[in-house]
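What follows is query25.cif (mmCIF, C-alpha atoms and all ligand atoms).
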```cif
data_run
loop_
_atom_site.label_atom_id
_atom_site.label_comp_id
_atom_site.auth_asym_id
_atom_site.auth_seq_id
_atom_site.Cartn_x
_atom_site.Cartn_y
_atom_site.Cartn_z
CA MET A 523 132.47 93.97 65.69
CA LYS A 524 134.40 97.04 66.87
CA GLN A 525 136.94 94.83 68.56
CA ASN A 526 137.79 93.37 65.21
CA LEU A 527 139.00 96.77 64.10
CA LEU A 528 141.67 96.62 66.75
CA ILE A 529 143.14 93.38 65.47
CA LEU A 530 143.44 94.58 61.94
CA THR A 531 146.83 92.99 61.37
CA ALA A 532 146.05 89.75 63.13
CA GLY A 533 145.49 87.90 59.90
CA LEU A 534 143.25 87.63 56.91
CA LEU A 535 140.17 86.55 58.82
CA ALA A 536 140.43 89.50 61.17
CA PHE A 537 140.94 91.74 58.19
CA VAL A 538 137.85 90.38 56.54
CA MET A 539 135.73 91.19 59.55
CA VAL A 540 137.11 94.73 59.54
CA PHE A 541 136.41 94.95 55.85
CA VAL A 542 132.80 93.99 56.41
CA VAL A 543 132.44 96.43 59.29
CA THR A 544 134.01 99.16 57.20
CA ARG A 545 131.64 98.50 54.40
CA PHE A 546 128.79 98.76 56.87
CA ARG A 547 130.08 102.15 57.94
CA ILE A 548 130.50 103.44 54.45
CA ALA A 549 126.99 102.29 53.73
CA SER A 550 125.77 104.10 56.82
CA ARG A 551 127.42 107.31 55.72
CA GLU A 552 126.04 107.18 52.23
CA ASN A 553 122.68 105.91 53.30
CA PRO A 554 121.97 107.38 56.73
CA ALA A 555 119.42 105.23 58.47
CA GLY A 556 116.05 106.25 57.21
CA GLU A 557 117.20 107.22 53.74
CA THR A 558 116.05 105.10 50.86
CA THR A 559 116.04 105.58 47.16
CA SER A 560 113.00 106.98 45.45
CA ARG A 561 110.13 104.68 44.64
CA VAL A 562 109.73 106.38 41.30
CA ALA A 563 110.07 103.78 38.56
CA PRO A 564 113.59 103.84 37.21
CA GLU A 565 114.36 105.34 33.86
CA VAL A 566 114.09 102.78 31.10
CA THR A 567 117.48 102.39 29.50
CA HIS A 568 116.97 98.89 28.16
CA PRO A 569 113.47 98.40 26.79
CA VAL A 570 111.91 95.15 27.84
CA SER A 571 108.48 93.72 27.43
CA ALA A 572 106.74 93.92 30.76
CA THR A 573 105.05 90.65 30.04
CA ASP A 574 108.31 88.89 29.22
CA ASN A 575 108.61 86.25 31.91
CA MET A 576 106.68 88.42 34.34
CA VAL A 577 103.31 87.94 36.01
CA LEU A 578 100.86 90.73 36.86
CA ILE A 579 99.87 90.64 40.52
CA PRO A 580 96.53 92.33 41.11
CA GLY A 581 96.38 95.41 43.28
CA GLY A 582 94.29 95.42 46.43
CA GLU A 583 94.30 94.61 50.11
CA TYR A 584 96.37 91.68 51.37
CA THR A 585 97.36 90.19 54.70
CA ILE A 586 101.10 89.76 55.23
CA GLY A 587 103.17 88.78 58.27
CA THR A 588 102.11 85.92 60.51
CA ASP A 589 100.79 85.01 63.94
CA SER A 590 102.03 81.45 63.55
CA GLU A 591 104.33 79.90 66.13
CA LEU A 592 106.66 79.15 63.23
CA GLY A 593 107.29 82.88 62.82
CA TRP A 594 110.23 84.84 64.21
CA PRO A 595 109.42 88.09 66.08
CA ASP A 596 110.25 90.27 63.06
CA GLU A 597 107.53 88.61 60.93
CA LYS A 598 104.76 89.17 63.49
CA PRO A 599 101.95 89.99 63.61
CA ALA A 600 99.76 89.36 60.58
CA HIS A 601 98.55 92.74 59.29
CA LYS A 602 96.90 94.28 56.27
CA VAL A 603 98.50 96.29 53.49
CA ARG A 604 97.24 97.65 50.18
CA VAL A 605 99.36 97.68 47.02
CA GLU A 606 98.96 98.80 43.44
CA ARG A 607 99.12 96.09 40.81
CA PHE A 608 102.64 95.20 39.72
CA TRP A 609 104.51 92.88 37.39
CA ILE A 610 107.04 90.50 38.93
CA ASP A 611 109.69 88.26 37.36
CA ILE A 612 108.64 84.63 37.44
CA THR A 613 112.21 83.59 38.25
CA GLU A 614 115.22 84.92 40.07
CA VAL A 615 117.61 86.84 37.79
CA THR A 616 119.85 84.22 36.18
CA ASN A 617 123.56 84.24 35.40
CA ALA A 618 122.67 84.46 31.70
CA GLN A 619 120.52 87.56 32.30
CA PHE A 620 123.10 89.19 34.52
CA ALA A 621 125.80 88.51 31.89
CA GLN A 622 123.72 90.43 29.33
CA PHE A 623 123.70 93.37 31.72
CA THR A 624 127.45 93.38 32.40
CA GLU A 625 128.28 92.87 28.71
CA ALA A 626 126.07 95.79 27.70
CA THR A 627 127.23 98.17 30.41
CA GLY A 628 130.68 97.03 31.58
CA TYR A 629 129.27 97.05 35.10
CA VAL A 630 131.63 95.75 37.80
CA THR A 631 130.00 94.26 40.87
CA THR A 632 130.88 95.12 44.45
CA ALA A 633 132.55 91.74 45.02
CA GLU A 634 134.83 92.31 42.02
CA LYS A 635 136.31 95.52 43.44
CA ALA A 636 139.21 95.54 45.90
CA PRO A 637 138.95 98.03 48.77
CA SER A 638 141.69 100.69 49.01
CA VAL A 639 143.93 101.27 52.05
CA GLU A 640 142.66 104.85 52.23
CA GLU A 641 139.05 103.70 52.20
CA LEU A 642 139.70 101.36 55.10
CA LEU A 643 141.84 103.72 57.18
CA ALA A 644 139.38 106.57 56.79
CA GLN A 645 136.84 104.43 58.56
CA SER A 646 139.14 102.92 61.21
CA PRO A 647 139.94 104.23 64.71
CA PRO A 648 142.89 106.68 64.88
CA GLY A 649 146.22 104.90 65.02
CA THR A 650 145.02 101.76 63.29
CA PRO A 651 147.96 100.34 61.34
CA PRO A 652 147.49 99.90 57.59
CA PRO A 653 146.20 96.45 56.67
CA PRO A 654 148.66 94.11 54.91
CA LYS A 655 148.58 94.82 51.19
CA GLU A 656 147.92 91.20 50.31
CA SER A 657 144.68 91.51 52.22
CA LEU A 658 143.34 94.22 49.93
CA VAL A 659 141.76 91.93 47.42
CA ALA A 660 138.31 91.59 45.99
CA GLY A 661 136.29 88.66 47.25
CA SER A 662 133.11 87.46 48.83
CA LEU A 663 131.74 85.08 51.43
CA VAL A 664 131.32 81.49 50.27
CA PHE A 665 129.41 78.80 52.13
CA THR A 666 131.68 75.90 53.06
CA MET A 667 130.29 72.79 54.68
CA THR A 668 131.88 71.99 58.06
CA ASP A 669 133.50 68.66 58.89
CA GLY A 670 131.15 68.00 61.77
CA PRO A 671 128.47 69.55 63.98
CA ALA A 672 129.01 73.26 64.59
CA ASP A 673 127.87 75.90 67.05
CA LEU A 674 125.00 77.38 65.05
CA LYS A 675 125.61 80.80 66.54
CA ASP A 676 129.10 81.00 65.01
CA TYR A 677 128.52 81.52 61.32
CA SER A 678 132.22 82.12 60.68
CA GLN A 679 132.57 78.34 60.76
CA TRP A 680 130.72 77.94 57.47
CA TRP A 681 131.06 81.37 55.84
CA LYS A 682 134.57 81.68 54.40
CA TRP A 683 135.94 84.92 53.03
CA THR A 684 137.18 83.82 49.60
CA PRO A 685 139.42 86.11 47.55
CA GLY A 686 138.31 86.05 43.92
CA ALA A 687 134.80 84.82 44.68
CA ASN A 688 132.18 86.79 42.78
CA TRP A 689 129.20 86.14 40.52
CA ARG A 690 131.44 84.78 37.74
CA HIS A 691 133.31 82.51 40.18
CA PRO A 692 130.74 81.51 42.80
CA GLU A 693 133.05 79.30 44.87
CA GLY A 694 136.26 81.22 44.14
CA PRO A 695 138.75 81.62 41.26
CA ASP A 696 138.75 77.91 40.35
CA SER A 697 134.97 77.82 39.87
CA ASN A 698 133.00 79.13 36.92
CA LEU A 699 129.50 79.35 35.45
CA ASP A 700 129.76 76.33 33.16
CA ASP A 701 126.32 74.71 33.05
CA ARG A 702 125.04 77.38 35.43
CA GLU A 703 123.58 79.85 32.92
CA GLN A 704 120.10 79.22 34.28
CA HIS A 705 121.10 79.30 37.94
CA PRO A 706 120.31 82.48 39.88
CA VAL A 707 123.14 85.00 39.93
CA VAL A 708 124.78 85.17 43.39
CA HIS A 709 127.36 87.33 45.17
CA VAL A 710 125.40 90.41 44.14
CA SER A 711 125.15 93.33 46.54
CA TRP A 712 121.99 95.40 46.91
CA ASP A 713 123.73 98.08 44.86
CA ASP A 714 124.40 95.55 42.09
CA ALA A 715 120.78 94.42 42.12
CA VAL A 716 119.51 98.01 41.90
CA ALA A 717 121.89 98.72 39.00
CA TYR A 718 120.60 95.69 37.09
CA ALA A 719 117.00 96.61 37.82
CA LYS A 720 117.46 100.15 36.53
CA TRP A 721 119.17 98.92 33.38
CA SER A 722 116.30 96.54 32.67
CA GLY A 723 113.65 99.19 33.26
CA LYS A 724 112.47 97.52 36.43
CA ARG A 725 112.99 97.96 40.16
CA LEU A 726 113.37 95.81 43.26
CA PRO A 727 110.12 94.73 44.91
CA THR A 728 109.09 96.20 48.22
CA GLU A 729 108.91 93.64 51.02
CA ALA A 730 105.12 93.88 50.90
CA GLU A 731 105.03 93.22 47.15
CA TRP A 732 107.47 90.36 47.51
CA GLU A 733 105.47 88.70 50.29
CA ILE A 734 102.15 89.13 48.50
CA ALA A 735 103.67 87.56 45.39
CA ALA A 736 105.28 84.75 47.39
CA ARG A 737 101.98 83.76 48.99
CA GLY A 738 100.63 83.06 45.53
CA GLY A 739 97.03 83.83 46.44
CA LEU A 740 96.98 81.59 49.53
CA ILE A 741 95.73 83.20 52.72
CA ASP A 742 97.54 82.73 56.02
CA ARG A 743 99.44 79.60 54.99
CA PRO A 744 102.85 78.85 56.45
CA TYR A 745 104.51 77.90 53.16
CA VAL A 746 104.32 79.21 49.60
CA TRP A 747 102.93 75.81 48.56
CA GLY A 748 100.41 75.56 51.43
CA ASP A 749 100.38 73.76 54.76
CA GLU A 750 102.65 70.74 54.49
CA ALA A 751 105.97 71.11 56.28
CA PRO A 752 108.94 69.87 54.25
CA THR A 753 110.98 66.99 55.62
CA ASP A 754 114.23 65.31 54.63
CA THR A 755 112.25 63.13 52.25
CA ARG A 756 109.41 65.49 51.18
CA VAL A 757 110.86 68.45 49.32
CA PHE A 758 109.11 71.41 47.73
CA ALA A 759 112.00 73.81 47.22
CA ASN A 760 115.77 74.06 47.17
CA ILE A 761 116.52 74.15 50.89
CA TRP A 762 118.76 72.01 53.11
CA GLN A 763 117.99 68.40 54.03
CA GLY A 764 120.02 66.80 56.81
CA GLU A 765 122.01 68.29 59.66
CA PHE A 766 123.21 71.84 59.04
CA PRO A 767 125.99 72.72 58.29
CA HIS A 768 127.83 69.41 57.94
CA THR A 769 125.50 66.83 56.37
CA ASN A 770 123.51 67.63 53.24
CA LEU A 771 121.32 64.71 52.21
CA LYS A 772 120.63 66.45 48.91
CA THR A 773 117.13 64.96 48.65
CA ASP A 774 116.15 67.96 46.54
CA GLY A 775 119.07 67.27 44.21
CA PHE A 776 121.16 70.33 44.99
CA VAL A 777 123.91 71.25 47.43
CA ARG A 778 124.10 74.86 46.26
CA THR A 779 121.93 76.81 43.79
CA ALA A 780 119.50 75.04 41.50
CA PRO A 781 118.55 76.14 37.98
CA VAL A 782 115.50 78.39 38.20
CA LYS A 783 112.21 76.52 37.59
CA SER A 784 113.57 73.29 39.14
CA PHE A 785 110.62 73.11 41.55
CA GLN A 786 106.88 73.65 41.25
CA PRO A 787 105.82 77.31 41.01
CA ASN A 788 103.46 78.88 43.53
CA GLY A 789 99.85 79.81 42.85
CA TYR A 790 100.86 82.86 40.80
CA GLY A 791 103.27 80.83 38.65
CA LEU A 792 106.37 82.18 40.42
CA PHE A 793 109.38 79.93 40.94
CA ASP A 794 111.76 79.71 43.91
CA MET A 795 109.87 82.17 46.11
CA SER A 796 110.99 79.72 48.79
CA GLY A 797 114.63 78.69 48.94
CA ASN A 798 117.33 78.63 46.25
CA VAL A 799 118.65 82.16 46.95
CA TRP A 800 117.71 85.06 49.19
CA GLU A 801 116.21 87.92 47.21
CA TRP A 802 116.99 91.58 47.82
CA CYS A 803 114.04 93.92 48.34
CA ALA A 804 113.87 97.71 48.01
CA ASP A 805 113.18 98.28 51.70
CA ALA A 806 115.59 99.08 54.47
CA TYR A 807 115.47 96.22 56.98
CA ASP A 808 113.71 97.16 60.20
CA TYR A 809 113.34 94.35 62.69
CA ASN A 810 110.32 96.09 64.24
CA ALA A 811 108.59 97.20 61.04
CA TYR A 812 105.79 94.63 61.14
CA SER A 813 105.00 95.02 64.84
CA ARG A 814 104.90 98.80 64.52
CA ARG A 815 102.80 98.75 61.36
CA ALA A 816 100.19 96.49 62.90
CA GLN A 817 98.89 99.38 65.01
CA SER A 818 98.40 101.66 62.03
CA GLY A 819 95.48 100.17 60.13
CA VAL A 820 95.76 99.27 56.47
CA ILE A 821 98.87 100.87 54.97
CA ASP A 822 99.14 101.77 51.30
CA ASN A 823 102.25 100.59 49.45
CA PRO A 824 104.44 100.28 52.55
CA LEU A 825 108.14 100.84 52.14
CA VAL A 826 110.41 100.52 55.17
CA GLU A 827 112.67 103.56 55.17
CA ARG A 828 114.65 103.29 58.38
CA SER A 829 116.97 100.39 59.05
CA PHE A 830 117.16 98.71 62.43
CA ASP A 831 119.01 95.42 62.50
CA PRO A 832 119.82 94.17 66.02
CA ARG A 833 122.32 91.67 64.65
CA ASN A 834 124.20 94.40 62.76
CA PRO A 835 123.39 97.60 64.65
CA ARG A 836 125.88 99.69 62.69
CA SER A 837 124.61 98.58 59.33
CA ALA A 838 122.01 100.32 57.18
CA SER A 839 120.71 96.88 56.28
CA ARG A 840 118.47 96.16 53.33
CA ALA A 841 115.77 93.51 53.42
CA GLN A 842 116.00 90.10 51.84
CA ARG A 843 113.27 87.52 51.51
CA GLY A 844 112.66 83.89 50.64
CA GLY A 845 115.51 82.00 52.27
CA SER A 846 118.08 79.95 50.42
CA PHE A 847 119.52 76.50 49.76
CA LEU A 848 120.97 76.73 53.28
CA CYS A 849 117.63 76.98 55.10
CA ASN A 850 116.26 74.20 57.22
CA ASP A 851 114.11 74.11 60.31
CA GLN A 852 117.00 73.22 62.56
CA TYR A 853 118.90 76.38 61.62
CA CYS A 854 116.63 79.15 60.39
CA SER A 855 113.44 78.01 58.59
CA ARG A 856 113.36 81.37 56.83
CA TYR A 857 112.17 79.85 53.58
CA ARG A 858 108.59 80.75 54.63
CA PRO A 859 106.81 83.65 52.87
CA SER A 860 106.62 85.92 55.93
CA ALA A 861 110.25 85.39 57.00
CA ARG A 862 112.53 88.42 56.86
CA HIS A 863 116.26 89.06 56.93
CA GLY A 864 118.63 92.02 56.69
CA LEU A 865 122.09 92.40 55.17
CA SER A 866 124.43 95.30 54.50
CA PRO A 867 123.68 96.67 51.02
CA ASP A 868 127.28 96.30 49.85
CA THR A 869 127.55 92.66 50.81
CA GLY A 870 126.96 89.76 48.45
CA MET A 871 127.17 86.12 49.48
CA SER A 872 127.00 82.79 47.70
CA HIS A 873 123.32 82.40 48.56
CA VAL A 874 122.10 85.93 47.74
CA GLY A 875 120.37 86.95 44.50
CA PHE A 876 117.25 88.89 43.49
CA ARG A 877 114.33 89.29 41.12
CA CYS A 878 112.69 92.45 39.81
CA VAL A 879 109.25 94.02 39.56
CA ARG A 880 107.76 96.72 37.40
CA SER A 881 104.79 99.00 37.83
CA PRO A 882 102.41 98.96 34.85
CA CA B 1 114.31 82.36 46.34
#
```
Write the structure described by the file as structure tokens, please.
Amino acid sequence: MKQNLLILTAGLLAFVMVFVVTRFRIASRENPAGETTSRVAPEVTHPVSATDNMVLIPGGEYTIGTDSELGWPDEKPAHKVRVERFWIDITEVTNAQFAQFTEATGYVTTAEKAPSVEELLAQSPPGTPPPPKESLVAGSLVFTMTDGPADLKDYSQWWKWTPGANWRHPEGPDSNLDDREQHPVVHVSWDDAVAYAKWSGKRLPTEAEWEIAARGGLIDRPYVWGDEAPTDTRVFANIWQGEFPHTNLKTDGFVRTAPVKSFQPNGYGLFDMSGNVWEWCADAYDYNAYSRRAQSGVIDNPLVERSFDPRNPRSASRAQRGGSFLCNDQYCSRYRPSARHGLSPDTGMSHVGFRCVRSP
């Protein structure tokens, strides 16, 4: 990543990588690893009914994580946690809901703000030439299907920096939200999600709360719907059928996001806890959190406070859960309830959204 800083003027793509790195650094400065926001329920500035499209998850002791061979190292092992009861949204936050928030507050999302030259240079190595002005535009990363099979380690082949892409224009300036009012909002950063949650008198779920809710009362099952693995012809959620990232069979009916409630809910009546969009959680993302916690007995209301993300070592990553419309077993299979993922808190992408919780 650091090398990208040295080729700042080499073109827009290089600039974009620098931009992402810079954002990571700014995030690190403002949120030194280990720092997280308070768990105190946010101030209610927009009264809502706690029962409005929310479900109350009982408090108590639950097993999260997995020992299954399907699991990645960061979701192992299975271990016990205890949580207080909490309300959780039955759907991901929709474009219609997010529009209410921005209309009421004038809030501008991270992806809608252009970075400044000063902001970038302050974070770059001494002597770095200023980036070309035309590069200093607001935008976001948009999934773009490849023409043919791709090296699955090189995500730059299908993630395209797209100037003008943001929650209002999910695929760029020429796209809009027509007929997508009930789709989950995307291109929201962790900061955007927290701002919405505070405004609505809610908060982001902890990873433990999210996973408990996603399991829907099932114990030690690989999927939120139970035991049956999805195939290209048997679909349970909005994930990817076919060969990623070039052939989408669309058996589930969707190439990108689906309207919320398009698939069967889990045992708690929650929709899209698997697939559709990744969902931000309150926790910092620590790759080793589950393995470390397993030696500590039953933990009350765990909240990961220190980020450690081997894929983005400079980033104070925040956790995301649930996978997205891009998940399939060939690529990541992270649409399972124990699967975990980290992303820089000031990064939104076309498959990232969230839902909220509230303590009674
Ligand atoms: Ca989801």
One decimal, in Å: what's the spacing between CA of Arg880 (chain A) and CA of Gly864 (chain A)?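 About the pair CA of Arg880 (chain A) and CA of Gly864 (chain A): they are 22.6 Å apart.
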Within 10 Å of Pro787 (chain A), counting all atoms listed in the file, which residues qualify if same-chain residues fewer than 4 places away don't, as a PyMOL selection string? chain A and resi 612-613+736+738+746-747+758-759+783+791-796
To check your reading of the model: which residues sit at most 8 Å from ligand CA 1 (chain B) when counting all atoms listed in the file? Write the answer as a list in words. Glu614, Phe793, Asp794, Met795, Ser796, Gly797, Asn798, Val799, Trp800, Glu801, Arg843, Gly844, Gly845, Ser846, Tyr857, Gly875 and Phe876 of chain A
Using all atoms listed in the file, which protein or nucleic acid residues come within 7 Å of Asn760 (chain A)? Drop anything in the same chain fewer than 2 positions from it, and give the result as a VMD selection string. chain A and resid 762 774 776 780 797 to 798 847
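Considering all atoms listed in the file, the residue among A:Ala806, A:Leu726, A:Cys849, A:Ile610 positioned nearest to Gln763 (chain A) is A:Cys849.
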Which residue is closest to Gly764 (chain A)? Choose from A:Trp683, A:Tyr853, A:Trp732, A:Tyr745 and count only C-alpha atoms.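 Using only C-alpha atoms, the shortest distance to Gly764 (chain A) belongs to A:Tyr853.
Atom to atom, CA of Asn823 (chain A) and CA of Arg604 (chain A) stand 5.9 Å apart.
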